[in-house]
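This report refers to the structure that appears directly beneath it.
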Amino acid sequence: MNKSLKRWMIIAMLLAMAVILGYIESFIPIFIPGVKLGLANVIILIMLYEFKFYEAFIVDILRILVVALIRATLMTPTFFMSLSGGILSFIVMLIFSRIKVFSIWGVSMLGALAHGIGQMLIAVFIVGTSAVFYYLPFILLLSIGTGIFSGVLAKTYLKRSITNKYIQEDHIE
């Protein structure tokens with residue numbers, strides 16, 4: 001099988017996993033509105049370390065769009081908050097994964113913090129008041145925990161480098 005085709009098949013599977021994780025985590029109560037575990041972010045972290053940055057970005061954006069379509073939240077404030085948080089988080093994780101100042105745990109935590117900040121910026125725009133920033137310390141505190149959790153999962157996966165090994169193997173025809 002062509003390595004390029006195999007690579008895109010794996011990317012499609014990772015997208016499917018990110019969508020499923022993103023959908024499932026919307027049903028896990030965290031008791032603070034808007035806060036999630038960031039399970040889908042594990043896939044993005046893995047991709048930032050094993051794939052090209054634009055492939056990870058494509059998966060990130062498509063995951064946000066598909067989950068919004070499934071949950072019927074496309075073009076709602078929830079969607080725009082998720083999109084802005086996802087884009088800012090991706091940019092921060094991309095930068096810090098490339099400059100190698102932090103471990104994957106640190107990159108994950110910074111991404112989680114950026115996601116919360118991105119969401120709050122859009123919330124200020126939507127609500128029309130900066131009062132929502134009083135909510136930010138709670139979001140950021142929880143982001144540290146969820147970021148560590150995602151970082152641990154991604155690091156565990158990357159130790160085995162499953163996707164990268166599969167792309168390199170030519171035994172499947």
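Residue names in the structure tokens use chain letters A, B, ... in the order shown, residue numbers from 1 in each chain, and ligand numbers from 1 in the order shown.
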
Shell of 9 Å around Val152 of chain A, only C-alpha atoms, local chain residues under 2 positions omitted, as a short mmCIF file (atom, residue, chain, number, x, y, z; two decimals) with N, CA and C atoms, in the first residue's frame:
data_model
loop_
_atom_site.label_atom_id
_atom_site.label_comp_id
_atom_site.auth_asym_id
_atom_site.auth_seq_id
_atom_site.Cartn_x
_atom_site.Cartn_y
_atom_site.Cartn_z
N VAL A 42 -5.92 14.80 23.39
CA VAL A 42 -4.87 13.79 23.42
C VAL A 42 -4.47 13.43 21.98
N ILE A 104 5.86 17.10 27.16
CA ILE A 104 4.52 17.01 26.60
C ILE A 104 3.47 17.37 27.66
N TRP A 105 3.75 17.12 28.93
CA TRP A 105 2.83 17.52 30.00
C TRP A 105 2.69 19.04 30.03
N SER A 108 0.81 20.26 27.01
CA SER A 108 -0.61 19.97 27.18
C SER A 108 -1.26 20.97 28.14
N GLY A 147 -5.03 19.37 31.65
CA GLY A 147 -3.84 19.39 30.80
C GLY A 147 -2.85 18.31 31.19
N ILE A 148 -2.64 18.13 32.49
CA ILE A 148 -1.75 17.07 32.96
C ILE A 148 -2.31 15.70 32.56
N PHE A 149 -3.60 15.52 32.75
CA PHE A 149 -4.25 14.25 32.40
C PHE A 149 -4.05 13.92 30.91
N SER A 150 -4.32 14.88 30.05
CA SER A 150 -4.13 14.68 28.61
C SER A 150 -2.67 14.43 28.27
N ALA A 154 -1.15 11.15 26.38
CA ALA A 154 -0.42 11.30 25.12
C ALA A 154 1.00 10.76 25.25
N LYS A 155 1.65 11.03 26.38
CA LYS A 155 3.02 10.54 26.57
C LYS A 155 3.06 9.02 26.61
N THR A 156 2.09 8.42 27.27
CA THR A 156 2.00 6.96 27.33
C THR A 156 1.88 6.38 25.92
N TYR A 157 1.05 7.00 25.11
CA TYR A 157 0.88 6.55 23.73
C TYR A 157 2.17 6.73 22.93
#

Give me the segment 29-136 of chain A side of the contact with segment 14-17 of chain A, cut-off 9 Å, one line per residue showing its nearest atom pair and distance in Å at one decimal, counting only C-alpha atoms, sorted by chain and residue number, as JSON lines.
{"residue": "A:Ala40", "atom": "CA", "partner": "A:Met17", "partner_atom": "CA", "distance": 7.6}
{"residue": "A:Ile43", "atom": "CA", "partner": "A:Leu14", "partner_atom": "CA", "distance": 6.6}
{"residue": "A:Ile44", "atom": "CA", "partner": "A:Leu14", "partner_atom": "CA", "distance": 8.7}
{"residue": "A:Met47", "atom": "CA", "partner": "A:Leu14", "partner_atom": "CA", "distance": 8.5}
{"residue": "A:Ile58", "atom": "CA", "partner": "A:Leu15", "partner_atom": "CA", "distance": 8.9}
{"residue": "A:Val59", "atom": "CA", "partner": "A:Leu15", "partner_atom": "CA", "distance": 5.4}
{"residue": "A:Asp60", "atom": "CA", "partner": "A:Leu15", "partner_atom": "CA", "distance": 7.9}
{"residue": "A:Leu62", "atom": "CA", "partner": "A:Leu15", "partner_atom": "CA", "distance": 7.5}
{"residue": "A:Arg63", "atom": "CA", "partner": "A:Leu15", "partner_atom": "CA", "distance": 6.4}

Point-to-point distance in Å for atom CA of Ile32 of chain A and atom CA of Tyr134 of chain A: 13.2 Å

Test item, alpha helix (DSSP H) assignment across segment 43-164 of chain A, answer as number ranges by chain: A: 43-50, 53-70, 77-99, 104-127, 136-160, 162-164

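Closest to His115 of chain A among A:Gly38, A:Pro29, A:Pro137, A:Gly145 is A:Gly38, based on only C-alpha atoms.
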
Figure out the distance between atom CA of Leu83 of chain A and atom CA of Lys36 of chain A, please, to one decimal in Å. 14.1 Å

Close residues, Ile24 of chain A itself excluded, 12 Å, only C-alpha atoms, min 2 positions apart in chain, as an mmCIF file with N, CA, C and O atoms, in the first residue's frame:
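Saved file result-v2.cif follows:
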data_model
loop_
_atom_site.group_PDB
_atom_site.id
_atom_site.type_symbol
_atom_site.label_atom_id
_atom_site.label_comp_id
_atom_site.auth_asym_id
_atom_site.auth_seq_id
_atom_site.Cartn_x
_atom_site.Cartn_y
_atom_site.Cartn_z
ATOM 1 N N MET A 17 -11.359 9.048 15.993
ATOM 2 C CA MET A 17 -11.157 8.894 17.437
ATOM 3 C C MET A 17 -11.344 10.216 18.159
ATOM 4 O O MET A 17 -11.970 10.267 19.227
ATOM 5 N N ALA A 18 -10.826 11.311 17.600
ATOM 6 C CA ALA A 18 -10.968 12.625 18.220
ATOM 7 C C ALA A 18 -12.438 13.048 18.281
ATOM 8 O O ALA A 18 -12.892 13.612 19.285
ATOM 9 N N VAL A 19 -13.185 12.762 17.218
ATOM 10 C CA VAL A 19 -14.612 13.098 17.193
ATOM 11 C C VAL A 19 -15.352 12.297 18.263
ATOM 12 O O VAL A 19 -16.151 12.852 19.029
ATOM 13 N N ILE A 20 -15.082 11.009 18.338
ATOM 14 C CA ILE A 20 -15.754 10.169 19.333
ATOM 15 C C ILE A 20 -15.419 10.631 20.746
ATOM 16 O O ILE A 20 -16.301 10.776 21.591
ATOM 17 N N LEU A 21 -14.142 10.892 21.003
ATOM 18 C CA LEU A 21 -13.741 11.358 22.330
ATOM 19 C C LEU A 21 -14.359 12.721 22.643
ATOM 20 O O LEU A 21 -14.828 12.964 23.764
ATOM 21 N N GLY A 22 -14.376 13.617 21.657
ATOM 22 C CA GLY A 22 -14.974 14.936 21.848
ATOM 23 C C GLY A 22 -16.459 14.859 22.130
ATOM 24 O O GLY A 22 -16.993 15.613 22.956
ATOM 25 N N SER A 26 -18.499 15.316 26.207
ATOM 26 C CA SER A 26 -19.538 16.315 26.453
ATOM 27 C C SER A 26 -20.594 15.785 27.421
ATOM 28 O O SER A 26 -21.387 16.558 27.955
ATOM 29 N N PHE A 27 -20.588 14.478 27.678
ATOM 30 C CA PHE A 27 -21.540 13.885 28.615
ATOM 31 C C PHE A 27 -20.932 13.636 29.996
ATOM 32 O O PHE A 27 -21.611 13.156 30.888
ATOM 33 N N ILE A 28 -19.664 13.939 30.169
ATOM 34 C CA ILE A 28 -18.997 13.735 31.458
ATOM 35 C C ILE A 28 -19.100 15.034 32.249
ATOM 36 O O ILE A 28 -18.509 16.048 31.868
ATOM 37 N N PRO A 29 -19.855 15.014 33.346
ATOM 38 C CA PRO A 29 -20.035 16.256 34.105
ATOM 39 C C PRO A 29 -18.774 16.644 34.883
ATOM 40 O O PRO A 29 -18.169 15.826 35.550
ATOM 41 N N LYS A 36 -14.193 20.694 30.155
ATOM 42 C CA LYS A 36 -14.183 19.297 29.727
ATOM 43 C C LYS A 36 -12.831 18.693 30.068
ATOM 44 O O LYS A 36 -11.866 19.400 30.348
ATOM 45 N N LEU A 37 -12.758 17.378 29.994
ATOM 46 C CA LEU A 37 -11.506 16.686 30.298
ATOM 47 C C LEU A 37 -10.435 16.897 29.233
ATOM 48 O O LEU A 37 -9.259 16.736 29.504
ATOM 49 N N GLY A 38 -10.821 17.211 28.027
ATOM 50 C CA GLY A 38 -9.844 17.410 26.958
ATOM 51 C C GLY A 38 -9.361 16.113 26.343
ATOM 52 O O GLY A 38 -8.235 16.027 25.861
ATOM 53 N N LEU A 39 -10.206 15.089 26.371
ATOM 54 C CA LEU A 39 -9.815 13.785 25.834
ATOM 55 C C LEU A 39 -9.467 13.857 24.351
ATOM 56 O O LEU A 39 -8.513 13.226 23.901
ATOM 57 N N ALA A 40 -10.223 14.630 23.596
ATOM 58 C CA ALA A 40 -9.939 14.755 22.165
ATOM 59 C C ALA A 40 -8.599 15.442 21.932
ATOM 60 O O ALA A 40 -7.936 15.208 20.916
ATOM 61 N N VAL A 67 -18.077 17.496 15.643
ATOM 62 C CA VAL A 67 -18.744 17.400 16.952
ATOM 63 C C VAL A 67 -19.865 18.427 17.040
ATOM 64 O O VAL A 67 -20.958 18.127 17.541
ATOM 65 N N ILE A 70 -22.762 17.044 15.054
ATOM 66 C CA ILE A 70 -23.413 15.942 15.769
ATOM 67 C C ILE A 70 -24.265 16.472 16.924
ATOM 68 O O ILE A 70 -25.377 16.008 17.147
ATOM 69 N N ARG A 71 -23.741 17.443 17.648
ATOM 70 C CA ARG A 71 -24.447 17.987 18.814
ATOM 71 C C ARG A 71 -25.409 19.112 18.446
ATOM 72 O O ARG A 71 -26.052 19.690 19.318
#

List the spatial neighbours of segment 116-121 of chain A as a VMD selection string - criterion: any atom at most 6 Å away, only C-alpha atoms, same-chain residues fewer than 6 positions off excluded. chain A and resid 81 84 to 85 88

Writer output for current selection, C-alpha atoms, as a compact mmCIF listing (two decimals), in the first residue's frame:
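Once everything was written out, this is selection19.txt:
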# COMPACT_ATOMS: atom_id res chain seq x y z
CA MET A 81 -16.10 29.31 22.02
CA SER A 84 -11.58 29.90 19.39
CA GLY A 85 -10.30 27.81 22.28
CA LEU A 88 -5.56 29.26 20.34

As an exercise, work out the distance from atom CA of Ile10 of chain A to atom CA of Glu55 of chain A in Å and give it to one decimal place.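 Straight-line distance from atom CA of Ile10 of chain A to atom CA of Glu55 of chain A works out to 10.9 Å.
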
Can you tell me, as a list in words, what residues are no more than 12 Å from Phe102 of chain A when counting only C-alpha atoms, ignoring any on the same chain fewer than 6 positions away?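 Once the adjacent positions are removed, what remains is Val92, Met93, Leu94, Ile95, Phe96, Ser108, Met109, Leu110, Gly111 and Gly151 of chain A.
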
I need the residues from that last selection saved to file as a CSV table (one decimal), in the first residue's frame (with all heavy atoms), if you can.
chain,number,residue,atom,x,y,z
A,92,VAL,N,-0.6,27.5,20.6
A,92,VAL,CA,0.3,27.5,21.7
A,92,VAL,C,1.0,26.1,21.8
A,92,VAL,O,2.2,26.1,22.0
A,92,VAL,CB,-0.5,27.8,23.0
A,92,VAL,CG1,0.3,27.4,24.3
A,92,VAL,CG2,-0.9,29.2,23.1
A,93,MET,N,0.3,25.0,21.6
A,93,MET,CA,0.9,23.7,21.7
A,93,MET,C,1.9,23.5,20.5
A,93,MET,O,2.9,22.9,20.7
A,93,MET,CB,-0.2,22.6,21.7
A,93,MET,CG,-1.0,22.6,23.0
A,93,MET,SD,-2.1,21.1,23.1
A,93,MET,CE,-3.0,21.1,21.6
A,94,LEU,N,1.6,24.0,19.4
A,94,LEU,CA,2.5,23.9,18.2
A,94,LEU,C,3.8,24.6,18.6
A,94,LEU,O,4.9,24.1,18.4
A,94,LEU,CB,1.8,24.5,17.0
A,94,LEU,CG,2.7,24.6,15.8
A,94,LEU,CD1,3.1,23.2,15.3
A,94,LEU,CD2,2.0,25.4,14.6
A,95,ILE,N,3.7,25.9,19.0
A,95,ILE,CA,4.9,26.6,19.3
A,95,ILE,C,5.7,25.9,20.4
A,95,ILE,O,6.9,25.7,20.2
A,95,ILE,CB,4.5,28.1,19.8
A,95,ILE,CG1,4.0,28.9,18.6
A,95,ILE,CG2,5.7,28.8,20.4
A,95,ILE,CD1,3.3,30.2,19.1
A,96,PHE,N,5.1,25.5,21.5
A,96,PHE,CA,5.9,25.0,22.6
A,96,PHE,C,6.3,23.5,22.3
A,96,PHE,O,7.3,23.1,22.9
A,96,PHE,CB,5.2,25.1,23.9
A,96,PHE,CG,5.2,26.5,24.4
A,96,PHE,CD1,4.1,27.4,24.3
A,96,PHE,CD2,6.3,27.0,25.1
A,96,PHE,CE1,4.2,28.7,24.7
A,96,PHE,CE2,6.4,28.3,25.5
A,96,PHE,CZ,5.3,29.1,25.3
A,108,SER,N,0.8,20.3,27.0
A,108,SER,CA,-0.6,20.0,27.2
A,108,SER,C,-1.3,21.0,28.1
A,108,SER,O,-2.4,21.5,27.9
A,108,SER,CB,-0.8,18.5,27.7
A,108,SER,OG,-2.1,18.2,27.9
A,109,MET,N,-0.6,21.3,29.3
A,109,MET,CA,-1.1,22.2,30.2
A,109,MET,C,-1.2,23.6,29.6
A,109,MET,O,-2.3,24.3,29.8
A,109,MET,CB,-0.3,22.3,31.5
A,109,MET,CG,-0.5,21.2,32.5
A,109,MET,SD,0.2,21.5,34.1
A,109,MET,CE,1.9,21.7,33.6
A,110,LEU,N,-0.2,24.0,28.9
A,110,LEU,CA,-0.3,25.3,28.2
A,110,LEU,C,-1.4,25.4,27.2
A,110,LEU,O,-2.1,26.4,27.1
A,110,LEU,CB,1.1,25.7,27.5
A,110,LEU,CG,2.2,26.0,28.5
A,110,LEU,CD1,3.5,26.0,27.7
A,110,LEU,CD2,2.0,27.3,29.3
A,111,GLY,N,-1.6,24.3,26.5
A,111,GLY,CA,-2.7,24.2,25.5
A,111,GLY,C,-4.1,24.3,26.2
A,111,GLY,O,-5.0,25.0,25.7
A,151,GLY,N,-1.8,15.2,28.9
A,151,GLY,CA,-0.4,15.0,28.7
A,151,GLY,C,0.1,13.6,29.1
A,151,GLY,O,0.9,13.0,28.3
